[in-house]
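In what follows, a single structure is set out as structure tokens and then discussed.
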Amino acid sequence: MTQTTTRVLDPGDLGAALAVLESDPVANAFVTSRVQAAGLDPWRLGGEMWGWYAGGRLRSLCYSGANLVPICATPDAVRAFADRARRTGRRCSSIVGPAEATAPLWRLLEPAWGPARDVRPHQPLMVTDRLPDAIDPDPLVRRIRRDEMDMIMPACVAMFTEEVGVSPMVGDGGLLYQARVAELVGAGRSFARIEDGRVVFKAEIGAATARACQIQGVWVDPEFRGRGFSVTGMAAVLRYALEDVAPVVSLYVNDYNAPARASYRRVGFQETGAFMSVLF
């Protein structure tokens, strides 16, 4: 392969794929965590991993599963991935990734795949590697137990519906979503503050590798908003993440969500880049 080419990777390409992924451990945490757990077999991975080669070397990746995720994608790789995606047709519910690759990828795919239900062109990627000096973590935020699934699920559904605009319970009745929540609870990566059987604040550590992890699903019960629970709750989850999971913690947030961005900055997160999401 002396010229450029694109192909579906197989388990024998695992080392080369991980080298690309680990070149940016923060931005690539989601896909890296999946590949480290499942390898490159499409059945275990839940999708195909496309590789773009230049000069015989694997340079860029694109995960094609429930999400379409460009990874370390050069402009030439973006065009190659768009060509392949057009040929295979849309199978994903979203396109998500670093904005510099996702934006041109969507421009190329929109004529065939559009219109999208929602496009979020600028979602700041925020990162920290330390606890805040001036914020005390909420002592009541704790790990959710397996026997508390019935308690945490309504809050998870409310967060997802508010964030994405559709309920995760449609389609398959929420089986896949419930399985993912159960997976995070079982791994000890689901956290909440619960008062009188009611979830006041909750968040999860979603993607996790030895080098970086990503907080997701941050939610405060609407009746408790504006009281600072998001700040102290995030400080608590951040403490768990840094102590138990990885030395660097990230998240990405909608740019129009000014209160959330302000809360994350108070906890010490700094904006280091931007993601983009296209929702179908």
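Ligands are numbered from 1 in the order shown, residues from 1 within each chain, and chains are lettered A, B, ... in the order they appear in the structure tokens.
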query: DSSP says strand (DSSP E) for which residues of region 56-232 of chain A? Put them as a ChimeraX atom specification?
result: /A:57-64,67-71,94-98,118-128,141-143,190-195,198-208,213-220
Mind checking DSSP for region 40-209 of chain A and telling me the alpha helix (DSSP H) residues as a compact mmCIF listing (two decimals) with N, CA, C and O atoms, in the first residue's frame?
# COMPACT_ATOMS: atom_id res chain seq x y z
N PRO A 42 -15.89 -6.77 14.40
CA PRO A 42 -17.10 -5.94 14.34
C PRO A 42 -18.22 -6.42 15.26
O PRO A 42 -18.96 -5.60 15.80
N TRP A 43 -18.35 -7.73 15.46
CA TRP A 43 -19.42 -8.23 16.31
C TRP A 43 -19.22 -7.82 17.76
O TRP A 43 -20.17 -7.46 18.46
N ARG A 44 -17.97 -7.88 18.23
CA ARG A 44 -17.69 -7.50 19.61
C ARG A 44 -17.63 -5.98 19.76
O ARG A 44 -18.06 -5.43 20.78
N LEU A 45 -17.12 -5.30 18.74
CA LEU A 45 -16.94 -3.86 18.80
C LEU A 45 -18.27 -3.12 18.66
O LEU A 45 -18.41 -1.99 19.12
N PRO A 75 -7.78 15.84 6.13
CA PRO A 75 -8.75 16.19 5.09
C PRO A 75 -8.95 15.11 4.05
O PRO A 75 -10.08 14.83 3.62
N ASP A 76 -7.84 14.48 3.61
CA ASP A 76 -7.97 13.40 2.62
C ASP A 76 -8.71 12.20 3.21
O ASP A 76 -9.51 11.56 2.53
N ALA A 77 -8.44 11.91 4.47
CA ALA A 77 -9.12 10.79 5.12
C ALA A 77 -10.61 11.09 5.26
O ALA A 77 -11.45 10.20 5.07
N VAL A 78 -10.96 12.32 5.60
CA VAL A 78 -12.37 12.70 5.72
C VAL A 78 -13.09 12.45 4.40
O VAL A 78 -14.20 11.89 4.38
N ARG A 79 -12.48 12.82 3.31
CA ARG A 79 -13.12 12.60 2.01
C ARG A 79 -13.28 11.10 1.73
O ARG A 79 -14.32 10.66 1.21
N ALA A 80 -12.27 10.33 2.08
CA ALA A 80 -12.35 8.88 1.86
C ALA A 80 -13.44 8.25 2.74
O ALA A 80 -14.20 7.39 2.29
N PHE A 81 -13.52 8.69 3.98
CA PHE A 81 -14.54 8.16 4.89
C PHE A 81 -15.94 8.56 4.41
O PHE A 81 -16.89 7.77 4.50
N ALA A 82 -16.08 9.78 3.92
CA ALA A 82 -17.38 10.22 3.40
C ALA A 82 -17.80 9.38 2.20
O ALA A 82 -18.97 9.00 2.08
N ASP A 83 -16.85 9.08 1.32
CA ASP A 83 -17.17 8.24 0.16
C ASP A 83 -17.66 6.87 0.61
O ASP A 83 -18.65 6.34 0.08
N ARG A 84 -16.98 6.29 1.57
CA ARG A 84 -17.38 4.97 2.05
C ARG A 84 -18.74 5.03 2.74
O ARG A 84 -19.58 4.14 2.56
N ALA A 85 -18.95 6.07 3.54
CA ALA A 85 -20.22 6.21 4.25
C ALA A 85 -21.39 6.38 3.28
O ALA A 85 -22.48 5.84 3.51
N ARG A 86 -21.18 7.12 2.22
CA ARG A 86 -22.24 7.28 1.21
C ARG A 86 -22.58 5.94 0.56
O ARG A 86 -23.74 5.63 0.30
N ARG A 87 -21.55 5.15 0.28
CA ARG A 87 -21.77 3.86 -0.38
C ARG A 87 -22.52 2.89 0.54
O ARG A 87 -23.39 2.14 0.08
N THR A 88 -22.18 2.88 1.81
CA THR A 88 -22.81 1.93 2.73
C THR A 88 -24.18 2.40 3.19
O THR A 88 -25.01 1.59 3.60
N ALA A 99 -14.47 18.72 16.08
CA ALA A 99 -15.17 19.56 15.12
C ALA A 99 -14.39 19.74 13.82
O ALA A 99 -15.00 19.82 12.74
N GLU A 100 -13.06 19.79 13.89
CA GLU A 100 -12.28 20.06 12.69
C GLU A 100 -12.41 18.95 11.66
O GLU A 100 -12.21 19.19 10.46
N ALA A 101 -12.74 17.73 12.07
CA ALA A 101 -12.97 16.65 11.11
C ALA A 101 -14.45 16.39 10.89
O ALA A 101 -14.87 16.06 9.77
N THR A 102 -15.26 16.55 11.93
CA THR A 102 -16.69 16.24 11.82
C THR A 102 -17.41 17.24 10.92
O THR A 102 -18.31 16.86 10.16
N ALA A 103 -17.03 18.51 10.97
CA ALA A 103 -17.70 19.52 10.14
C ALA A 103 -17.55 19.23 8.65
O ALA A 103 -18.55 19.20 7.92
N PRO A 104 -16.33 19.01 8.14
CA PRO A 104 -16.23 18.71 6.71
C PRO A 104 -16.83 17.35 6.36
O PRO A 104 -17.35 17.18 5.25
N LEU A 105 -16.78 16.39 7.28
CA LEU A 105 -17.40 15.11 7.02
C LEU A 105 -18.91 15.27 6.82
O LEU A 105 -19.50 14.70 5.89
N TRP A 106 -19.54 16.09 7.66
CA TRP A 106 -20.97 16.31 7.53
C TRP A 106 -21.29 17.10 6.26
O TRP A 106 -22.30 16.82 5.59
N ARG A 107 -20.46 18.06 5.89
CA ARG A 107 -20.71 18.79 4.64
C ARG A 107 -20.75 17.85 3.44
O ARG A 107 -21.55 18.03 2.53
N LEU A 108 -19.87 16.85 3.46
CA LEU A 108 -19.84 15.90 2.36
C LEU A 108 -21.00 14.91 2.40
O LEU A 108 -21.46 14.44 1.36
N LEU A 109 -21.47 14.59 3.60
CA LEU A 109 -22.53 13.59 3.73
C LEU A 109 -23.94 14.19 3.70
O LEU A 109 -24.89 13.48 3.38
N GLU A 110 -24.06 15.46 4.03
CA GLU A 110 -25.39 16.06 4.16
C GLU A 110 -26.26 15.90 2.91
O GLU A 110 -27.45 15.60 3.02
N PRO A 111 -25.72 16.08 1.69
CA PRO A 111 -26.59 15.91 0.52
C PRO A 111 -27.21 14.52 0.42
O PRO A 111 -28.33 14.37 -0.09
N ALA A 112 -26.51 13.49 0.92
CA ALA A 112 -27.03 12.12 0.85
C ALA A 112 -27.74 11.71 2.12
O ALA A 112 -28.71 10.95 2.06
N TRP A 113 -27.31 12.22 3.25
CA TRP A 113 -27.83 11.76 4.54
C TRP A 113 -28.77 12.76 5.20
O TRP A 113 -29.46 12.41 6.14
N MET A 149 -30.91 0.36 40.49
CA MET A 149 -31.19 0.65 39.09
C MET A 149 -32.55 1.30 38.89
O MET A 149 -32.70 2.24 38.11
N ASP A 150 -33.56 0.81 39.59
CA ASP A 150 -34.90 1.38 39.43
C ASP A 150 -34.96 2.83 39.88
O ASP A 150 -35.77 3.61 39.38
N MET A 151 -34.07 3.21 40.79
CA MET A 151 -34.05 4.58 41.27
C MET A 151 -33.33 5.52 40.30
O MET A 151 -33.78 6.63 40.05
N ILE A 152 -32.23 5.04 39.71
CA ILE A 152 -31.42 5.92 38.87
C ILE A 152 -31.96 6.01 37.45
O ILE A 152 -31.77 7.02 36.76
N MET A 153 -32.67 4.98 36.96
CA MET A 153 -33.10 4.97 35.56
C MET A 153 -33.98 6.16 35.18
O MET A 153 -33.76 6.77 34.13
N PRO A 154 -34.98 6.55 35.98
CA PRO A 154 -35.79 7.71 35.57
C PRO A 154 -34.96 8.98 35.40
O PRO A 154 -35.22 9.78 34.49
N ALA A 155 -33.96 9.18 36.26
CA ALA A 155 -33.09 10.35 36.12
C ALA A 155 -32.26 10.26 34.85
O ALA A 155 -32.05 11.26 34.15
N CYS A 156 -31.78 9.06 34.53
CA CYS A 156 -31.00 8.87 33.30
C CYS A 156 -31.86 9.14 32.07
O CYS A 156 -31.42 9.80 31.12
N VAL A 157 -33.08 8.65 32.08
CA VAL A 157 -33.99 8.88 30.94
C VAL A 157 -34.31 10.36 30.81
O VAL A 157 -34.32 10.91 29.69
N ALA A 158 -34.54 11.03 31.94
CA ALA A 158 -34.83 12.46 31.89
C ALA A 158 -33.65 13.24 31.34
O ALA A 158 -33.82 14.16 30.52
N MET A 159 -32.44 12.89 31.78
CA MET A 159 -31.24 13.58 31.27
C MET A 159 -31.10 13.38 29.77
O MET A 159 -30.90 14.32 29.01
N PHE A 160 -31.20 12.13 29.32
CA PHE A 160 -31.03 11.81 27.90
C PHE A 160 -32.07 12.55 27.06
O PHE A 160 -31.74 13.15 26.02
N THR A 161 -33.31 12.51 27.48
CA THR A 161 -34.39 13.15 26.72
C THR A 161 -34.18 14.65 26.64
O THR A 161 -34.37 15.27 25.58
N GLU A 162 -33.77 15.26 27.75
CA GLU A 162 -33.51 16.70 27.77
C GLU A 162 -32.33 17.07 26.90
O GLU A 162 -32.35 18.08 26.19
N GLU A 163 -31.31 16.24 26.91
CA GLU A 163 -30.09 16.53 26.17
C GLU A 163 -30.22 16.26 24.68
O GLU A 163 -29.82 17.06 23.83
N VAL A 164 -30.79 15.12 24.33
CA VAL A 164 -30.81 14.67 22.94
C VAL A 164 -32.09 15.08 22.21
O VAL A 164 -32.09 15.27 21.00
N LEU A 175 -34.16 -1.09 25.84
CA LEU A 175 -33.33 -2.21 26.28
C LEU A 175 -31.84 -1.90 26.19
O LEU A 175 -31.09 -2.18 27.12
N LEU A 176 -31.41 -1.34 25.07
CA LEU A 176 -29.99 -1.02 24.92
C LEU A 176 -29.55 0.05 25.90
O LEU A 176 -28.47 -0.03 26.49
N TYR A 177 -30.40 1.05 26.10
CA TYR A 177 -30.04 2.12 27.02
C TYR A 177 -29.98 1.60 28.46
O TYR A 177 -29.05 1.92 29.19
N GLN A 178 -30.94 0.79 28.85
CA GLN A 178 -30.91 0.22 30.18
C GLN A 178 -29.68 -0.66 30.38
O GLN A 178 -29.08 -0.66 31.46
N ALA A 179 -29.29 -1.38 29.34
CA ALA A 179 -28.11 -2.23 29.44
C ALA A 179 -26.86 -1.37 29.64
O ALA A 179 -25.96 -1.75 30.42
N ARG A 180 -26.79 -0.23 28.96
CA ARG A 180 -25.62 0.64 29.11
C ARG A 180 -25.58 1.25 30.51
O ARG A 180 -24.52 1.31 31.13
N VAL A 181 -26.73 1.69 31.02
CA VAL A 181 -26.77 2.22 32.39
C VAL A 181 -26.36 1.14 33.37
O VAL A 181 -25.56 1.39 34.29
N ALA A 182 -26.87 -0.07 33.19
CA ALA A 182 -26.51 -1.18 34.09
C ALA A 182 -25.02 -1.49 34.02
O ALA A 182 -24.40 -1.81 35.05
N GLU A 183 -24.45 -1.37 32.83
CA GLU A 183 -23.01 -1.61 32.68
C GLU A 183 -22.20 -0.60 33.50
O GLU A 183 -21.25 -0.97 34.19
N LEU A 184 -22.58 0.67 33.43
CA LEU A 184 -21.86 1.69 34.18
C LEU A 184 -22.06 1.53 35.69
O LEU A 184 -21.12 1.71 36.47
N VAL A 185 -23.28 1.19 36.09
CA VAL A 185 -23.53 0.94 37.51
C VAL A 185 -22.69 -0.23 37.99
O VAL A 185 -22.03 -0.18 39.04
N GLY A 186 -22.67 -1.31 37.22
CA GLY A 186 -21.91 -2.49 37.60
C GLY A 186 -20.41 -2.23 37.66
O GLY A 186 -19.71 -2.86 38.47
- request: Tell me, in Å to one decimal, how far CA of Ala38 (chain A) is from CA of Thr5 (chain A).
  value: 24.7 Å
field: Residues within 10 Å of region 63-70 of chain A, only C-alpha atoms, excluding chain neighbours under 2 positions, as a ChimeraX atom specification
entry: /A:8,28,30-31,35,42,45-51,60-61,72-74,77-78,81-82,85,90-102,105,277-279
Atoms to include: N, CA and C atoms. Write the selected residues as a compact mmCIF listing (two decimals), in the first residue's frame.
# COMPACT_ATOMS: atom_id res chain seq x y z
N VAL A 8 -11.75 -1.75 5.85
CA VAL A 8 -12.22 -2.15 7.16
C VAL A 8 -11.09 -2.88 7.87
N ASN A 28 -9.89 10.93 21.99
CA ASN A 28 -10.25 9.61 21.48
C ASN A 28 -10.68 8.63 22.57
N PHE A 30 -13.43 7.80 24.04
CA PHE A 30 -14.62 6.98 23.82
C PHE A 30 -14.31 5.77 22.96
N VAL A 31 -13.70 6.00 21.81
CA VAL A 31 -13.43 4.88 20.90
C VAL A 31 -12.30 4.01 21.45
N VAL A 35 -12.34 -0.08 21.89
CA VAL A 35 -11.38 -0.95 21.20
C VAL A 35 -10.56 -1.75 22.21
N PRO A 42 -15.89 -6.77 14.40
CA PRO A 42 -17.10 -5.94 14.34
C PRO A 42 -18.22 -6.42 15.26
N LEU A 45 -17.12 -5.30 18.74
CA LEU A 45 -16.94 -3.86 18.80
C LEU A 45 -18.27 -3.12 18.66
N GLY A 46 -19.22 -3.75 18.00
CA GLY A 46 -20.50 -3.08 17.76
C GLY A 46 -20.48 -2.19 16.53
N GLY A 47 -19.53 -2.42 15.65
CA GLY A 47 -19.42 -1.63 14.43
C GLY A 47 -18.09 -1.91 13.76
N GLU A 48 -17.92 -1.32 12.60
CA GLU A 48 -16.66 -1.47 11.86
C GLU A 48 -15.70 -0.34 12.22
N MET A 49 -14.42 -0.64 12.12
CA MET A 49 -13.41 0.40 12.21
C MET A 49 -12.77 0.54 10.83
N TRP A 50 -12.94 1.72 10.24
CA TRP A 50 -12.34 1.97 8.95
C TRP A 50 -10.97 2.60 9.15
N GLY A 51 -10.03 2.17 8.34
CA GLY A 51 -8.69 2.73 8.41
C GLY A 51 -8.31 3.40 7.12
N SER A 60 -5.37 7.45 9.83
CA SER A 60 -6.65 7.94 10.37
C SER A 60 -7.61 6.78 10.50
N LEU A 61 -8.61 6.98 11.39
CA LEU A 61 -9.62 5.97 11.64
C LEU A 61 -11.01 6.58 11.57
N CYS A 72 -8.59 11.31 14.37
CA CYS A 72 -7.32 11.78 13.81
C CYS A 72 -7.41 11.87 12.29
N ALA A 73 -8.55 12.33 11.80
CA ALA A 73 -8.84 12.29 10.37
C ALA A 73 -8.29 13.51 9.65
N THR A 74 -7.39 13.28 8.71
CA THR A 74 -6.87 14.34 7.85
C THR A 74 -7.93 14.71 6.82
N ALA A 77 -8.44 11.91 4.47
CA ALA A 77 -9.12 10.79 5.12
C ALA A 77 -10.61 11.09 5.26
N VAL A 78 -10.96 12.32 5.60
CA VAL A 78 -12.37 12.70 5.72
C VAL A 78 -13.09 12.45 4.40
N PHE A 81 -13.52 8.69 3.98
CA PHE A 81 -14.54 8.16 4.89
C PHE A 81 -15.94 8.56 4.41
N ALA A 82 -16.08 9.78 3.92
CA ALA A 82 -17.38 10.22 3.40
C ALA A 82 -17.80 9.38 2.20
N ALA A 85 -18.95 6.07 3.54
CA ALA A 85 -20.22 6.21 4.25
C ALA A 85 -21.39 6.38 3.28
N ARG A 90 -26.55 5.34 5.58
CA ARG A 90 -26.53 5.72 7.00
C ARG A 90 -27.07 4.60 7.87
N ARG A 91 -26.25 4.17 8.83
CA ARG A 91 -26.64 3.18 9.82
C ARG A 91 -26.57 3.73 11.23
N CYS A 92 -26.06 4.92 11.38
CA CYS A 92 -25.80 5.50 12.70
C CYS A 92 -26.92 6.45 13.11
N SER A 93 -26.98 6.72 14.41
CA SER A 93 -27.94 7.69 14.92
C SER A 93 -27.31 9.06 15.11
N SER A 94 -25.98 9.14 14.97
CA SER A 94 -25.31 10.43 15.10
C SER A 94 -23.93 10.36 14.48
N ILE A 95 -23.41 11.53 14.14
CA ILE A 95 -22.00 11.71 13.80
C ILE A 95 -21.43 12.57 14.91
N VAL A 96 -20.34 12.16 15.50
CA VAL A 96 -19.77 12.93 16.60
C VAL A 96 -18.26 12.77 16.61
N GLY A 97 -17.58 13.86 16.91
CA GLY A 97 -16.12 13.81 16.98
C GLY A 97 -15.56 15.20 17.00
N PRO A 98 -14.24 15.32 16.97
CA PRO A 98 -13.60 16.63 16.93
C PRO A 98 -14.16 17.46 15.78
N ALA A 99 -14.47 18.72 16.08
CA ALA A 99 -15.17 19.56 15.12
C ALA A 99 -14.39 19.74 13.82
N GLU A 100 -13.06 19.79 13.89
CA GLU A 100 -12.28 20.06 12.69
C GLU A 100 -12.41 18.95 11.66
N ALA A 101 -12.74 17.73 12.07
CA ALA A 101 -12.97 16.65 11.11
C ALA A 101 -14.45 16.39 10.89
N THR A 102 -15.26 16.55 11.93
CA THR A 102 -16.69 16.24 11.82
C THR A 102 -17.41 17.24 10.92
N LEU A 105 -16.78 16.39 7.28
CA LEU A 105 -17.40 15.11 7.02
C LEU A 105 -18.91 15.27 6.82
N SER A 277 -21.56 17.52 17.01
CA SER A 277 -22.49 16.39 16.93
C SER A 277 -23.56 16.68 15.89
N VAL A 278 -23.88 15.66 15.12
CA VAL A 278 -24.98 15.69 14.16
C VAL A 278 -25.94 14.58 14.58
N LEU A 279 -27.16 14.94 14.92
CA LEU A 279 -28.14 13.98 15.44
C LEU A 279 -29.23 13.72 14.40
message: Counting only C-alpha atoms, which residue out of A:Ala203, A:Ile144, A:Leu251, A:Ala210 sits closest to Phe229 (chain A)?
response: A:Ala203
Would you mind listing what lies within 12 Å of Arg225 (chain A) as an mmCIF file with N, CA and C atoms, in the first residue's frame, with only C-alpha atoms counted and same-chain residues fewer than 2 positions away left out?
data_model
loop_
_atom_site.group_PDB
_atom_site.id
_atom_site.type_symbol
_atom_site.label_atom_id
_atom_site.label_comp_id
_atom_site.auth_asym_id
_atom_site.auth_seq_id
_atom_site.Cartn_x
_atom_site.Cartn_y
_atom_site.Cartn_z
ATOM 1 N N VAL A 200 -31.123 13.828 43.149
ATOM 2 C CA VAL A 200 -30.959 15.279 43.068
ATOM 3 C C VAL A 200 -29.926 15.643 42.013
ATOM 4 N N PHE A 201 -28.819 14.901 41.996
ATOM 5 C CA PHE A 201 -27.723 15.113 41.041
ATOM 6 C C PHE A 201 -27.231 13.749 40.623
ATOM 7 N N TRP A 219 -26.601 15.736 35.343
ATOM 8 C CA TRP A 219 -28.009 16.147 35.423
ATOM 9 C C TRP A 219 -28.353 16.529 36.852
ATOM 10 N N VAL A 220 -29.114 17.607 36.991
ATOM 11 C CA VAL A 220 -29.662 18.027 38.276
ATOM 12 C C VAL A 220 -31.176 18.076 38.129
ATOM 13 N N ASP A 221 -31.884 17.518 39.100
ATOM 14 C CA ASP A 221 -33.336 17.588 39.106
ATOM 15 C C ASP A 221 -33.758 19.050 38.945
ATOM 16 N N PRO A 222 -34.674 19.349 38.006
ATOM 17 C CA PRO A 222 -35.058 20.749 37.767
ATOM 18 C C PRO A 222 -35.461 21.507 39.022
ATOM 19 N N GLU A 223 -36.066 20.837 39.995
ATOM 20 C CA GLU A 223 -36.482 21.538 41.210
ATOM 21 C C GLU A 223 -35.313 21.946 42.091
ATOM 22 N N ARG A 227 -28.873 25.812 42.902
ATOM 23 C CA ARG A 227 -28.457 25.730 44.295
ATOM 24 C C ARG A 227 -27.005 25.272 44.463
ATOM 25 N N GLY A 228 -26.309 25.101 43.343
ATOM 26 C CA GLY A 228 -24.906 24.729 43.419
ATOM 27 C C GLY A 228 -24.626 23.245 43.421
ATOM 28 N N PHE A 229 -25.653 22.408 43.261
ATOM 29 C CA PHE A 229 -25.429 20.968 43.291
ATOM 30 C C PHE A 229 -24.552 20.495 42.130
ATOM 31 N N SER A 230 -24.642 21.169 40.988
ATOM 32 C CA SER A 230 -23.827 20.743 39.853
ATOM 33 C C SER A 230 -22.344 20.968 40.115
ATOM 34 N N VAL A 231 -22.018 22.033 40.837
ATOM 35 C CA VAL A 231 -20.610 22.336 41.119
ATOM 36 C C VAL A 231 -20.037 21.355 42.129
ATOM 37 N N PRO A 259 -24.846 27.985 31.823
ATOM 38 C CA PRO A 259 -24.726 27.599 33.240
ATOM 39 C C PRO A 259 -23.820 26.388 33.450
ATOM 40 N N ALA A 260 -23.943 25.386 32.582
ATOM 41 C CA ALA A 260 -23.101 24.202 32.730
ATOM 42 C C ALA A 260 -21.640 24.537 32.501
ATOM 43 N N SER A 263 -20.303 26.187 35.530
ATOM 44 C CA SER A 263 -20.107 25.241 36.629
ATOM 45 C C SER A 263 -18.833 24.429 36.433
#
query: Any idea what's packed within 9 Å of Val26 (chain A), counting only C-alpha atoms, ignoring anything in its chain fewer than 6 positions away? Could you give it as a PyMOL selection string?
result: chain A and resi 127+211-214+248-250
For the residues in that selection, give me all heavy atoms as an mmCIF file, in the first residue's frame.
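Printed below is out-v3.cif as written:
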data_model
loop_
_atom_site.group_PDB
_atom_site.id
_atom_site.type_symbol
_atom_site.label_atom_id
_atom_site.label_comp_id
_atom_site.auth_asym_id
_atom_site.auth_seq_id
_atom_site.Cartn_x
_atom_site.Cartn_y
_atom_site.Cartn_z
ATOM 1 N N VAL A 127 -11.205 19.946 29.943
ATOM 2 C CA VAL A 127 -10.266 18.968 30.498
ATOM 3 C C VAL A 127 -9.682 19.490 31.808
ATOM 4 O O VAL A 127 -9.469 20.696 31.971
ATOM 5 C CB VAL A 127 -9.110 18.690 29.501
ATOM 6 C CG1 VAL A 127 -8.102 17.708 30.085
ATOM 7 C CG2 VAL A 127 -9.651 18.171 28.178
ATOM 8 N N ARG A 211 -5.335 6.280 30.549
ATOM 9 C CA ARG A 211 -4.752 7.613 30.357
ATOM 10 C C ARG A 211 -5.758 8.740 30.475
ATOM 11 O O ARG A 211 -5.386 9.871 30.786
ATOM 12 C CB ARG A 211 -4.061 7.679 28.987
ATOM 13 C CG ARG A 211 -2.911 6.697 28.837
ATOM 14 C CD ARG A 211 -2.252 6.801 27.484
ATOM 15 N NE ARG A 211 -1.604 8.083 27.287
ATOM 16 C CZ ARG A 211 -1.045 8.462 26.143
ATOM 17 N NH1 ARG A 211 -1.089 7.659 25.084
ATOM 18 N NH2 ARG A 211 -0.467 9.638 26.043
ATOM 19 N N ALA A 212 -7.039 8.467 30.229
ATOM 20 C CA ALA A 212 -8.051 9.532 30.269
ATOM 21 C C ALA A 212 -9.425 8.924 30.424
ATOM 22 O O ALA A 212 -9.677 7.782 30.017
ATOM 23 C CB ALA A 212 -7.993 10.369 28.986
ATOM 24 N N CYS A 213 -10.327 9.688 31.020
ATOM 25 C CA CYS A 213 -11.723 9.260 31.109
ATOM 26 C C CYS A 213 -12.622 10.455 30.837
ATOM 27 O O CYS A 213 -12.172 11.603 30.826
ATOM 28 C CB CYS A 213 -12.043 8.623 32.460
ATOM 29 S SG CYS A 213 -11.912 9.729 33.881
ATOM 30 N N GLN A 214 -13.887 10.165 30.620
ATOM 31 C CA GLN A 214 -14.834 11.204 30.200
ATOM 32 C C GLN A 214 -16.093 11.142 31.063
ATOM 33 O O GLN A 214 -16.726 10.096 31.174
ATOM 34 C CB GLN A 214 -15.189 10.994 28.732
ATOM 35 C CG GLN A 214 -15.995 12.108 28.097
ATOM 36 C CD GLN A 214 -16.204 11.838 26.620
ATOM 37 O OE1 GLN A 214 -17.135 11.139 26.236
ATOM 38 N NE2 GLN A 214 -15.331 12.376 25.786
ATOM 39 N N VAL A 248 -6.388 12.089 33.821
ATOM 40 C CA VAL A 248 -6.946 13.223 33.092
ATOM 41 C C VAL A 248 -8.430 12.962 32.892
ATOM 42 O O VAL A 248 -8.832 11.860 32.526
ATOM 43 C CB VAL A 248 -6.263 13.432 31.724
ATOM 44 C CG1 VAL A 248 -6.908 14.594 30.976
ATOM 45 C CG2 VAL A 248 -4.774 13.678 31.902
ATOM 46 N N VAL A 249 -9.245 13.993 33.124
ATOM 47 C CA VAL A 249 -10.692 13.856 33.026
ATOM 48 C C VAL A 249 -11.221 14.896 32.042
ATOM 49 O O VAL A 249 -10.805 16.059 32.082
ATOM 50 C CB VAL A 249 -11.369 14.048 34.398
ATOM 51 C CG1 VAL A 249 -12.882 13.824 34.287
ATOM 52 C CG2 VAL A 249 -10.767 13.095 35.424
ATOM 53 N N SER A 250 -12.125 14.490 31.186
ATOM 54 C CA SER A 250 -12.675 15.405 30.188
ATOM 55 C C SER A 250 -14.188 15.291 30.151
ATOM 56 O O SER A 250 -14.790 14.373 30.719
ATOM 57 C CB SER A 250 -12.103 15.101 28.798
ATOM 58 O OG SER A 250 -12.657 13.900 28.285
#
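Taking CA of Thr128 (chain A) and CA of Ile71 (chain A) as the two end points, the separation is 21.5 Å.
Around Thr32 (chain A), within 9 Å and counting only C-alpha atoms, the residues found are Leu18, Leu21, Glu22, Pro25, Asn28, Ala29, Phe30, Arg34, Val35, Gln36, Ala37, Ala207, Ala208 and Thr209 of chain A, once anything fewer than 2 positions away on its own chain is removed.
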Keeping only N, CA, C and O atoms, write the selected residues as a CSV table (one decimal), in the first residue's frame.
chain,number,residue,atom,x,y,z
A,18,LEU,N,-4.5,1.1,17.8
A,18,LEU,CA,-4.3,1.7,19.1
A,18,LEU,C,-3.3,2.8,19.1
A,18,LEU,O,-3.4,3.7,19.8
A,21,LEU,N,-5.1,5.8,18.0
A,21,LEU,CA,-6.0,6.3,19.0
A,21,LEU,C,-5.3,6.9,20.2
A,21,LEU,O,-5.7,7.9,20.7
A,22,GLU,N,-4.2,6.3,20.6
A,22,GLU,CA,-3.5,6.8,21.7
A,22,GLU,C,-2.6,8.0,21.4
A,22,GLU,O,-2.1,8.6,22.4
A,25,PRO,N,-5.1,10.8,23.5
A,25,PRO,CA,-5.9,10.0,24.5
A,25,PRO,C,-7.1,10.6,25.0
A,25,PRO,O,-8.1,9.9,25.4
A,28,ASN,N,-9.9,10.9,22.0
A,28,ASN,CA,-10.2,9.6,21.5
A,28,ASN,C,-10.7,8.6,22.6
A,28,ASN,O,-10.8,7.4,22.3
A,29,ALA,N,-10.9,9.1,23.8
A,29,ALA,CA,-11.2,8.2,24.9
A,29,ALA,C,-12.4,7.3,24.6
A,29,ALA,O,-12.3,6.1,25.0
A,30,PHE,N,-13.4,7.8,24.0
A,30,PHE,CA,-14.6,7.0,23.8
A,30,PHE,C,-14.3,5.8,23.0
A,30,PHE,O,-14.6,4.6,23.3
A,34,ARG,N,-13.6,1.5,23.9
A,34,ARG,CA,-14.3,0.4,23.2
A,34,ARG,C,-13.3,-0.6,22.6
A,34,ARG,O,-13.5,-1.8,22.7
A,35,VAL,N,-12.3,-0.1,21.9
A,35,VAL,CA,-11.4,-1.0,21.2
A,35,VAL,C,-10.6,-1.7,22.2
A,35,VAL,O,-10.3,-2.9,22.0
A,36,GLN,N,-10.1,-1.1,23.3
A,36,GLN,CA,-9.4,-1.9,24.3
A,36,GLN,C,-10.2,-3.0,24.9
A,36,GLN,O,-9.7,-4.0,25.3
A,37,ALA,N,-11.5,-2.8,25.0
A,37,ALA,CA,-12.4,-3.8,25.6
A,37,ALA,C,-12.8,-4.9,24.6
A,37,ALA,O,-12.9,-6.1,25.0
A,207,ALA,N,-16.6,6.8,29.0
A,207,ALA,CA,-15.4,6.2,28.5
A,207,ALA,C,-14.3,6.3,29.5
A,207,ALA,O,-14.1,7.3,30.2
A,208,ALA,N,-13.5,5.2,29.6
A,208,ALA,CA,-12.4,5.2,30.6
A,208,ALA,C,-11.3,4.3,30.0
A,208,ALA,O,-11.5,3.2,29.6
A,209,THR,N,-10.1,4.9,30.0
A,209,THR,CA,-8.9,4.2,29.7
A,209,THR,C,-7.9,4.5,30.8
A,209,THR,O,-8.2,5.3,31.7
Shell of 9 Å around region 129-142 of chain A, only C-alpha atoms, local chain residues under 6 positions omitted, as an NGL selection string: :A and (190-195 or 201-202 or 229 or 231-239 or 242 or 246-250 or 266-269)
